[in-house]
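J.: Structure file final05.cif (mmCIF, C-alpha atoms) right here:
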data_input
loop_
_atom_site.label_atom_id
_atom_site.label_comp_id
_atom_site.auth_asym_id
_atom_site.auth_seq_id
_atom_site.Cartn_x
_atom_site.Cartn_y
_atom_site.Cartn_z
CA MET U 1304 0.00 0.00 0.00
CA ARG U 1305 1.40 3.41 -1.04
CA GLU U 1306 0.47 6.52 0.90
CA VAL U 1307 -0.31 9.73 -0.98
CA ALA U 1308 -0.91 13.00 0.85
CA VAL U 1309 -3.97 14.85 -0.43
CA ASP U 1310 -1.96 18.08 -0.26
CA ASN U 1311 0.01 16.77 -3.24
CA ILE U 1312 -3.25 16.27 -5.12
CA THR U 1313 -4.26 19.86 -4.34
CA LYS U 1314 -0.97 21.17 -5.71
CA LEU U 1315 -1.15 19.10 -8.89
CA VAL U 1316 -4.78 20.09 -9.58
CA ARG U 1317 -3.87 23.76 -9.09
CA ASP U 1318 -0.97 23.51 -11.52
CA LEU U 1319 -2.96 21.56 -14.11
CA PHE U 1320 -5.88 24.01 -14.01
CA ILE U 1321 -3.60 26.97 -14.74
CA ASP U 1322 -1.60 25.05 -17.34
CA ALA U 1323 -4.70 23.82 -19.18
CA ASN U 1324 -6.11 27.33 -19.43
CA CYS U 1325 -2.90 28.88 -20.76
CA ASN U 1326 -1.25 26.19 -22.89
CA LEU U 1327 -3.15 24.57 -25.73
CA GLY U 1328 -2.06 20.98 -26.34
CA GLU U 1329 0.39 20.34 -29.16
CA ASP U 1330 -2.06 17.90 -30.78
CA VAL U 1331 -4.67 20.68 -31.02
CA VAL U 1332 -2.16 23.23 -32.36
CA MET U 1333 -0.98 20.72 -34.97
CA ALA U 1334 -4.58 19.97 -35.99
CA LEU U 1335 -5.27 23.69 -36.42
CA GLN U 1336 -2.12 24.08 -38.54
CA GLN U 1337 -3.12 21.12 -40.72
CA ALA U 1338 -6.61 22.57 -41.10
CA LEU U 1339 -5.09 25.89 -42.17
CA GLY U 1340 -3.25 24.08 -44.95
CA SER U 1341 -6.36 22.34 -46.27
CA GLU U 1342 -9.06 24.98 -45.66
CA GLU U 1343 -10.55 26.32 -48.91
CA SER U 1344 -12.31 29.38 -47.51
CA ALA U 1345 -10.30 32.60 -47.34
CA ILE U 1346 -12.22 33.75 -44.26
CA GLY U 1347 -11.81 30.30 -42.75
CA LYS U 1348 -8.05 30.52 -43.24
CA GLU U 1349 -8.01 33.93 -41.58
CA VAL U 1350 -9.90 32.59 -38.55
CA LEU U 1351 -7.57 29.59 -38.22
CA THR U 1352 -4.55 31.87 -38.44
CA GLU U 1353 -5.93 34.01 -35.61
CA LEU U 1354 -6.65 30.94 -33.46
CA ILE U 1355 -3.10 29.68 -33.89
CA GLU U 1356 -1.70 33.11 -33.03
CA ASN U 1357 -4.01 33.37 -30.02
CA ALA U 1358 -2.69 30.05 -28.69
CA ARG U 1359 0.90 31.26 -29.20
CA ILE U 1360 0.29 34.50 -27.29
CA ALA U 1361 -1.46 32.67 -24.44
CA LYS U 1362 1.48 30.28 -24.06
CA THR U 1363 4.14 32.98 -24.37
CA GLU U 1364 2.51 35.38 -21.93
CA ASN U 1365 1.05 32.70 -19.64
CA MET U 1366 -2.48 34.04 -19.94
CA PRO U 1367 -5.82 32.30 -20.59
CA ILE U 1368 -6.49 31.10 -24.13
CA CYS U 1369 -10.11 32.22 -23.74
CA GLN U 1370 -11.97 34.55 -21.38
CA ASP U 1371 -14.22 31.58 -20.55
CA THR U 1372 -11.88 29.61 -18.31
CA GLY U 1373 -14.42 26.83 -18.05
CA LEU U 1374 -16.37 24.70 -15.64
CA PRO U 1375 -13.66 22.55 -14.01
CA VAL U 1376 -14.12 18.86 -14.76
CA VAL U 1377 -11.62 16.51 -13.10
CA PHE U 1378 -11.12 12.85 -13.98
CA ILE U 1379 -9.38 10.84 -11.26
CA GLU U 1380 -7.96 7.38 -11.80
CA LEU U 1381 -7.18 6.20 -8.27
CA GLY U 1382 -4.98 3.15 -7.88
CA GLN U 1383 -6.49 0.59 -5.53
CA GLU U 1384 -3.12 0.24 -3.77
CA VAL U 1385 -3.14 3.93 -2.78
CA HIS U 1386 -3.96 5.13 0.71
CA LEU U 1387 -4.96 8.80 0.72
CA ALA U 1388 -3.75 10.58 3.82
CA GLY U 1389 -4.31 13.98 5.37
CA GLY U 1390 -7.82 14.83 4.35
CA ASP U 1391 -10.78 14.44 2.04
CA LEU U 1392 -10.15 13.80 -1.69
CA SER U 1393 -13.05 15.94 -2.90
CA LYS U 1394 -12.04 18.85 -0.69
CA ALA U 1395 -8.44 18.54 -1.89
CA ILE U 1396 -9.51 18.71 -5.54
CA ASN U 1397 -11.75 21.70 -4.93
CA ALA U 1398 -8.95 23.44 -3.03
CA GLY U 1399 -6.65 22.94 -6.02
CA ILE U 1400 -9.14 24.50 -8.41
CA ARG U 1401 -9.77 27.36 -5.98
CA GLN U 1402 -6.05 28.08 -5.70
CA GLY U 1403 -5.57 27.79 -9.45
CA ALA U 1404 -8.39 30.24 -10.15
CA GLN U 1405 -6.93 32.79 -7.75
CA GLU U 1406 -3.25 32.41 -8.58
CA GLY U 1407 -3.82 32.09 -12.32
CA TYR U 1408 -6.28 35.00 -12.43
CA LEU U 1409 -8.86 32.77 -14.06
CA ARG U 1410 -12.40 34.07 -14.47
CA PRO U 1411 -14.94 32.66 -11.99
CA SER U 1412 -17.41 30.77 -14.18
CA VAL U 1413 -19.47 28.79 -11.65
CA CYS U 1414 -22.74 30.09 -10.24
CA HIS U 1415 -26.00 29.08 -8.52
CA CYS U 1416 -28.35 27.67 -11.15
CA LEU U 1417 -31.33 29.89 -10.33
CA THR U 1418 -30.07 33.02 -8.56
CA ARG U 1419 -26.98 33.12 -10.85
CA HIS U 1420 -24.93 34.16 -7.82
CA ASN U 1421 -21.28 33.42 -8.65
CA THR U 1422 -19.43 31.13 -6.24
CA GLY U 1423 -16.38 33.31 -6.84
CA ASP U 1424 -13.72 30.61 -7.09
CA ASN U 1425 -14.74 28.15 -9.84
CA THR U 1426 -15.98 25.56 -7.37
CA PRO U 1427 -17.63 23.14 -6.83
CA VAL U 1428 -15.77 20.90 -9.25
CA VAL U 1429 -17.30 18.13 -11.38
CA ILE U 1430 -15.39 14.99 -10.33
CA HIS U 1431 -15.39 11.62 -12.09
CA LEU U 1432 -13.63 8.97 -9.99
CA GLU U 1433 -12.48 5.57 -11.27
CA ILE U 1434 -10.72 2.91 -9.19
CA VAL U 1435 -7.95 1.25 -11.20
CA PRO U 1436 -5.15 -1.26 -10.49
CA GLY U 1437 -1.83 0.02 -9.21
CA ASP U 1438 -0.44 2.52 -6.73
CA ARG U 1439 -0.62 5.75 -8.69
CA VAL U 1440 -3.11 8.61 -8.97
CA ARG U 1441 -3.73 9.94 -12.46
CA ILE U 1442 -5.44 13.34 -12.62
CA ILE U 1443 -6.90 14.95 -15.75
CA VAL U 1444 -8.22 18.51 -15.54
CA LEU U 1445 -10.65 19.58 -18.27
CA PRO U 1446 -11.90 23.19 -18.07
CA LYS U 1447 -15.14 22.98 -20.13
CA GLY U 1448 -16.41 26.15 -21.79
CA GLY U 1449 -20.11 26.95 -21.49
CA GLY U 1450 -20.73 27.69 -25.17
CA SER U 1451 -19.68 24.24 -26.34
CA GLU U 1452 -21.22 22.42 -23.37
CA ASN U 1453 -24.58 24.06 -24.13
CA MET U 1454 -24.56 22.46 -27.57
CA SER U 1455 -24.11 18.93 -26.21
CA GLY U 1456 -26.92 16.44 -25.74
CA VAL U 1457 -28.12 12.93 -24.90
CA ARG U 1458 -30.81 10.93 -26.66
CA MET U 1459 -32.28 7.55 -25.84
CA LEU U 1460 -32.76 5.99 -29.26
CA THR U 1461 -34.62 2.77 -29.89
CA PRO U 1462 -32.48 -0.20 -30.98
CA SER U 1463 -34.15 -0.10 -34.41
CA ALA U 1464 -32.47 3.27 -35.08
CA GLY U 1465 -29.20 1.41 -35.49
CA LEU U 1466 -25.90 2.92 -36.53
CA GLU U 1467 -27.46 5.25 -39.07
CA GLY U 1468 -29.78 6.64 -36.41
CA VAL U 1469 -26.78 7.30 -34.19
CA LYS U 1470 -24.99 9.13 -37.00
CA GLU U 1471 -28.07 11.18 -37.88
CA PHE U 1472 -28.40 12.34 -34.27
CA VAL U 1473 -24.74 13.40 -34.14
CA ILE U 1474 -24.88 15.24 -37.48
CA GLN U 1475 -28.13 17.02 -36.61
CA GLN U 1476 -26.77 18.08 -33.21
CA VAL U 1477 -23.71 19.66 -34.86
CA LYS U 1478 -25.84 21.24 -37.57
CA ASP U 1479 -28.21 22.76 -35.01
CA ALA U 1480 -25.24 24.02 -32.97
CA GLY U 1481 -23.89 25.97 -35.91
CA ALA U 1482 -21.38 28.63 -34.84
CA ASN U 1483 -22.40 28.56 -31.16
CA PRO U 1484 -19.70 26.15 -29.88
CA CYS U 1485 -16.87 28.17 -31.52
CA PRO U 1486 -15.75 25.82 -34.30
CA PRO U 1487 -13.59 24.14 -35.35
CA ILE U 1488 -14.85 21.71 -32.74
CA ILE U 1489 -13.89 18.34 -31.35
CA VAL U 1490 -16.83 15.95 -31.09
CA GLY U 1491 -16.99 13.31 -28.38
CA VAL U 1492 -19.61 10.60 -28.93
CA GLY U 1493 -20.68 8.07 -26.31
CA ILE U 1494 -22.75 5.08 -27.40
CA GLY U 1495 -24.24 2.59 -24.95
CA GLY U 1496 -24.42 2.12 -21.23
CA SER U 1497 -27.15 4.15 -19.59
CA PHE U 1498 -28.40 7.74 -19.96
CA ASP U 1499 -25.76 9.10 -17.58
CA GLN U 1500 -22.94 6.76 -18.59
CA ALA U 1501 -23.23 7.64 -22.28
CA ALA U 1502 -22.72 11.30 -21.37
CA ILE U 1503 -19.63 10.55 -19.29
CA ILE U 1504 -17.91 8.41 -21.90
CA ALA U 1505 -18.69 11.04 -24.55
CA LYS U 1506 -16.88 13.65 -22.48
CA LYS U 1507 -14.02 11.29 -21.69
CA ALA U 1508 -13.66 10.50 -25.40
CA LEU U 1509 -12.60 14.13 -25.91
CA LEU U 1510 -9.40 13.39 -23.98
CA ARG U 1511 -7.97 11.12 -26.66
CA PRO U 1512 -5.17 12.85 -28.62
CA ILE U 1513 -6.34 14.46 -31.85
CA GLY U 1514 -4.99 12.49 -34.79
CA SER U 1515 -4.96 9.18 -32.94
CA THR U 1516 -6.76 6.19 -34.45
CA ASN U 1517 -9.39 4.26 -32.53
CA THR U 1518 -8.12 0.82 -31.59
CA ASP U 1519 -11.42 -0.72 -32.74
CA PRO U 1520 -11.49 -0.73 -36.59
CA GLU U 1521 -15.31 -0.64 -36.64
CA ILE U 1522 -15.43 2.48 -34.45
CA ALA U 1523 -12.51 4.04 -36.32
CA ALA U 1524 -14.55 3.79 -39.52
CA ILE U 1525 -17.50 5.48 -37.80
CA GLU U 1526 -15.26 8.35 -36.69
CA VAL U 1527 -13.92 8.88 -40.21
CA ASP U 1528 -17.42 8.88 -41.71
CA LEU U 1529 -18.81 11.28 -39.10
CA LEU U 1530 -15.88 13.69 -39.46
CA GLY U 1531 -16.35 13.81 -43.21
CA ARG U 1532 -20.10 14.37 -42.97
CA ILE U 1533 -19.70 17.06 -40.30
CA ASN U 1534 -17.15 18.96 -42.40
CA ASP U 1535 -19.47 18.67 -45.40
CA LEU U 1536 -21.99 20.82 -43.46
CA GLY U 1537 -19.96 23.88 -44.42
CA ILE U 1538 -20.25 25.63 -41.04
CA GLY U 1539 -16.51 26.28 -41.00
CA PRO U 1540 -14.21 28.12 -38.59
CA SER U 1541 -16.24 30.39 -36.27
CA GLY U 1542 -19.27 29.67 -38.44
CA TYR U 1543 -18.03 31.76 -41.39
CA GLY U 1544 -18.16 28.83 -43.79
CA GLY U 1545 -15.51 26.41 -44.97
CA ARG U 1546 -14.36 22.82 -44.78
CA THR U 1547 -13.12 22.87 -41.18
CA THR U 1548 -16.13 22.52 -38.90
CA ALA U 1549 -14.53 19.78 -36.78
CA LEU U 1550 -10.93 18.81 -36.13
CA ALA U 1551 -11.81 15.33 -34.88
CA VAL U 1552 -14.59 12.97 -33.90
CA HIS U 1553 -13.86 10.56 -31.04
CA VAL U 1554 -16.31 7.74 -30.39
CA ALA U 1555 -16.50 5.46 -27.34
CA MET U 1556 -18.92 2.52 -27.23
CA ILE U 1557 -19.93 0.10 -24.47
CA PRO U 1558 -22.74 -2.47 -24.17
CA CYS U 1559 -26.26 -1.32 -23.26
CA HIS U 1560 -29.67 -2.73 -22.27
CA ILE U 1561 -31.44 -4.83 -24.91
CA ALA U 1562 -34.28 -2.29 -25.07
CA SER U 1563 -32.09 0.83 -25.32
CA LEU U 1564 -29.62 2.65 -27.54
CA PRO U 1565 -28.28 5.61 -25.54
CA VAL U 1566 -26.23 8.16 -27.50
CA ALA U 1567 -24.48 11.25 -26.14
CA ILE U 1568 -22.58 13.94 -27.97
CA ASN U 1569 -20.22 16.24 -26.09
CA ILE U 1570 -19.02 19.14 -28.21
CA GLN U 1571 -15.74 20.87 -27.43
CA CYS U 1572 -14.66 24.25 -28.80
CA HIS U 1573 -11.37 25.01 -30.57
CA ALA U 1574 -9.88 25.88 -27.15
CA HIS U 1575 -9.65 22.19 -26.32
CA ARG U 1576 -7.99 22.56 -22.91
CA HIS U 1577 -6.99 19.58 -20.81
CA LYS U 1578 -3.85 18.61 -18.92
CA GLU U 1579 -2.93 15.57 -16.88
CA GLY U 1580 -0.42 14.46 -14.31
CA VAL U 1581 0.43 11.40 -12.22
CA ILE U 1582 1.35 11.12 -8.55
#
When written as structure tokens, how does the structure in this file appear?
T.:
Amino acid sequence: MREVAVDNITKLVRDLFIDANCNLGEDVVMALQQALGSEESAIGKEVLTELIENARIAKTENMPICQDTGLPVVFIELGQEVHLAGGDLSKAINAGIRQGAQEGYLRPSVCHCLTRHNTGDNTPVVIHLEIVPGDRVRIIVLPKGGGSENMSGVRMLTPSAGLEGVKEFVIQQVKDAGANPCPPIIVGVGIGGSFDQAAIIAKKALLRPIGSTNTDPEIAAIEVDLLGRINDLGIGPSGYGGRTTALAVHVAMIPCHIASLPVAINIQCHAHRHKEGVI
């Protein structure tokens, strides 16, 4: 059994929250650069150029990529051979986000649902905990912007809808979203499980590196088809038209009930911020 002090988790979460908001991942930057090379629209090229420059400035000056610093979502993979010492895990994670918001000068984006009173420190955090083998703690911080999250959705299809029904739902959701989620977007799709589980795996699918190939050839083919059909919509960068509506489509699929076909789509904006670390 390995002991891990929760203070170390607080520190790592703090650092990851600031890092994610200021440093766009190299896979995203590379995808934007590739899109710039293939985009046919002059306005689309101009938008992509500005997005790449924005990411460069944010990294160089250590400032947020976007004024919306996101609803903090934290994925924790906790090794079953780890003993957490010194406090409560949830409180430690929230403390890390609170410190990161203050020290990184990140906009408070969390509020009471009805009164809209801001909590002032980007807490409480959305936490997804998974127990895994081993004696390590893997932490992934995903600041999720409101504009893209608002365009996400879950639908309980009937089994008769089949694969084509799943694809039609995804395409229609992106089409209806239009320019609202700040394209070019990354599309996470969760198929199967239950209503809530489909939504979680759709969000987690966003974490896969852009440009990576799904290990399941059947799902990889679905991703390629969906990406092509989404880019054929012509929404383009920032909704000004063009071939680059999405940079990637990532699909995750698990078994479901014989009477159900749950499908979730989690849309991510071009500021696809997430960082991870291991203790």
J.: Give the answer as one residue: which of U:Asp1371, U:Glu1380, U:Asp1535, U:Asp1318 has the shortest atom-to-atom distance to Arg1441 in chain U, using only C-alpha atoms?
T.: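 When distances to Arg1441 in chain U are compared using only C-alpha atoms, the smallest one comes from U:Glu1380.
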J.: So how many Å separate CA of Gly1437 in chain U and CA of Phe1320 in chain U, to one decimal?
T.: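 So the answer is 24.8 Å.
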J.: I need the residue nearest Cys1572 in chain U from this list: U:Leu1354, U:Val1554, U:Leu1319, U:Ile1360. Use only C-alpha atoms for the distance.
T.: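 Answer, going by the shortest atom-to-atom distance: U:Leu1354.
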J.: Expanded to explicit residues, what is the PyMOL selection byres ((chain U and resi 1347) around 8) for this file, as a ChimeraX atom specification?
T.: /U:1342-1346,1348-1351,1539-1541,1543-1545,1547
J.: Neighbours of Thr1548 in chain U within 10 Å (only C-alpha atoms; same-chain residues fewer than 3 positions away dropped), as a list in words?
T.: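 The neighbour list is Ala1338, Gly1347, Val1477, Lys1478, Gly1481, Ala1482, Cys1485, Pro1486, Pro1487, Ile1488, Ile1489, Leu1530, Gly1531, Arg1532, Ile1533, Asn1534, Asp1535, Leu1536, Gly1537, Ile1538, Gly1539, Pro1540, Ser1541, Gly1542, Tyr1543, Gly1544, Gly1545, Ala1551 and His1573 of chain U.
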J.: Apply the PyMOL selection byres ((chain U and resi 1325) around 9) to the file shown and report the selected residues as a PDB file with C-alpha atoms, keeping the file's coordinate frame.
T.:
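Saved result, expr_39.pdb, follows:
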ATOM      1  CA  PHE U1320      -5.880  24.010 -14.010  1.00  0.00           C
ATOM      2  CA  ILE U1321      -3.600  26.970 -14.740  1.00  0.00           C
ATOM      3  CA  ASP U1322      -1.600  25.050 -17.340  1.00  0.00           C
ATOM      4  CA  ALA U1323      -4.700  23.820 -19.180  1.00  0.00           C
ATOM      5  CA  ASN U1324      -6.110  27.330 -19.430  1.00  0.00           C
ATOM      6  CA  ASN U1326      -1.250  26.190 -22.890  1.00  0.00           C
ATOM      7  CA  LEU U1327      -3.150  24.570 -25.730  1.00  0.00           C
ATOM      8  CA  ALA U1358      -2.690  30.050 -28.690  1.00  0.00           C
ATOM      9  CA  ALA U1361      -1.460  32.670 -24.440  1.00  0.00           C
ATOM     10  CA  LYS U1362       1.480  30.280 -24.060  1.00  0.00           C
ATOM     11  CA  THR U1363       4.140  32.980 -24.370  1.00  0.00           C
ATOM     12  CA  GLU U1364       2.510  35.380 -21.930  1.00  0.00           C
ATOM     13  CA  ASN U1365       1.050  32.700 -19.640  1.00  0.00           C
ATOM     14  CA  MET U1366      -2.480  34.040 -19.940  1.00  0.00           C
ATOM     15  CA  PRO U1367      -5.820  32.300 -20.590  1.00  0.00           C
ATOM     16  CA  ILE U1368      -6.490  31.100 -24.130  1.00  0.00           C
ATOM     17  CA  CYS U1369     -10.110  32.220 -23.740  1.00  0.00           C
ATOM     18  CA  ARG U1576      -7.990  22.560 -22.910  1.00  0.00           C
TER      19      ARG U1576
END
J.: Counting all atoms listed in the file, which of U:His1577, U:His1431, U:Arg1458, U:Lys1394 gets nearest to Ile1504 in chain U?
T.: U:His1431
J.: Would you write out, as a list in words, every residue that the PyMOL selection byres ((chain U and resi 1509-1515) around 8) captures in this file?
T.: Asp1330, Val1331, Ala1334, Ile1489, Val1490, Gly1491, Ala1505, Lys1506, Lys1507, Ala1508, Thr1516, Asn1517, Leu1550, Ala1551, His1553, Asn1569, Gln1571 and His1577 of chain U
J.: With distances taken over all atoms listed in the file, which residue among U:Met1304, U:Leu1335, U:Val1435, U:Ala1398 lies nearest Ile1355 in chain U?
T.: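 Looking at the shortest contact to Ile1355 in chain U, the residue is U:Leu1335.
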J.: Can you work out the spacing between CA of Leu1392 in chain U and CA of Glu1306 in chain U in Å, to one decimal?
T.: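 Taking CA of Leu1392 in chain U as the start and CA of Glu1306 in chain U as the end point, the length is 13.1 Å.
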J.: What lies within 7 Å of Val1307 in chain U using all atoms listed in the file, ignoring chain neighbours under 2 positions off, as a VMD selection string?
T.: chain U and resid 1305 1309 1385 to 1388
J.: Go ahead and dump the residues you just picked, C-alpha atoms, as a PDB file, keeping the file's coordinate frame.
T.:
ATOM      1  CA  ARG U1305       1.400   3.410  -1.040  1.00  0.00           C
ATOM      2  CA  VAL U1309      -3.970  14.850  -0.430  1.00  0.00           C
ATOM      3  CA  VAL U1385      -3.140   3.930  -2.780  1.00  0.00           C
ATOM      4  CA  HIS U1386      -3.960   5.130   0.710  1.00  0.00           C
ATOM      5  CA  LEU U1387      -4.960   8.800   0.720  1.00  0.00           C
ATOM      6  CA  ALA U1388      -3.750  10.580   3.820  1.00  0.00           C
TER       7      ALA U1388
END
J.: Would you mind writing range 1476-1491 of chain U with N, CA and C atoms, as a tab-separated table (two decimals), in the frame of the given file?
T.:
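Saved as out00.tsv:
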chain	number	residue	atom	x	y	z
U	1476	GLN	N	-27.17	17.30	-34.39
U	1476	GLN	CA	-26.77	18.08	-33.21
U	1476	GLN	C	-25.71	19.12	-33.59
U	1477	VAL	N	-24.75	18.72	-34.41
U	1477	VAL	CA	-23.71	19.66	-34.86
U	1477	VAL	C	-24.31	20.72	-35.77
U	1478	LYS	N	-25.20	20.30	-36.65
U	1478	LYS	CA	-25.84	21.24	-37.57
U	1478	LYS	C	-26.64	22.28	-36.81
U	1479	ASP	N	-27.40	21.84	-35.82
U	1479	ASP	CA	-28.21	22.76	-35.01
U	1479	ASP	C	-27.31	23.70	-34.18
U	1480	ALA	N	-26.16	23.20	-33.78
U	1480	ALA	CA	-25.24	24.02	-32.97
U	1480	ALA	C	-24.67	25.17	-33.78
U	1481	GLY	N	-24.41	24.92	-35.05
U	1481	GLY	CA	-23.89	25.97	-35.91
U	1481	GLY	C	-22.60	26.58	-35.39
U	1482	ALA	N	-22.58	27.91	-35.29
U	1482	ALA	CA	-21.38	28.63	-34.84
U	1482	ALA	C	-21.29	28.73	-33.33
U	1483	ASN	N	-22.34	28.34	-32.62
U	1483	ASN	CA	-22.40	28.56	-31.16
U	1483	ASN	C	-21.25	27.94	-30.36
U	1484	PRO	N	-20.78	26.73	-30.70
U	1484	PRO	CA	-19.70	26.15	-29.88
U	1484	PRO	C	-18.29	26.58	-30.29
U	1485	CYS	N	-18.19	27.64	-31.10
U	1485	CYS	CA	-16.87	28.17	-31.52
U	1485	CYS	C	-16.06	27.15	-32.31
U	1486	PRO	N	-16.53	26.75	-33.48
U	1486	PRO	CA	-15.75	25.82	-34.30
U	1486	PRO	C	-14.48	26.46	-34.84
U	1487	PRO	N	-13.49	25.59	-35.18
U	1487	PRO	CA	-13.59	24.14	-35.35
U	1487	PRO	C	-13.67	23.41	-34.00
U	1488	ILE	N	-14.55	22.42	-33.97
U	1488	ILE	CA	-14.85	21.71	-32.74
U	1488	ILE	C	-14.21	20.33	-32.71
U	1489	ILE	N	-14.21	19.75	-31.53
U	1489	ILE	CA	-13.89	18.34	-31.35
U	1489	ILE	C	-15.17	17.69	-30.85
U	1490	VAL	N	-15.56	16.58	-31.42
U	1490	VAL	CA	-16.83	15.95	-31.09
U	1490	VAL	C	-16.59	14.63	-30.37
U	1491	GLY	N	-17.05	14.56	-29.13
U	1491	GLY	CA	-16.99	13.31	-28.38
U	1491	GLY	C	-18.34	12.63	-28.45
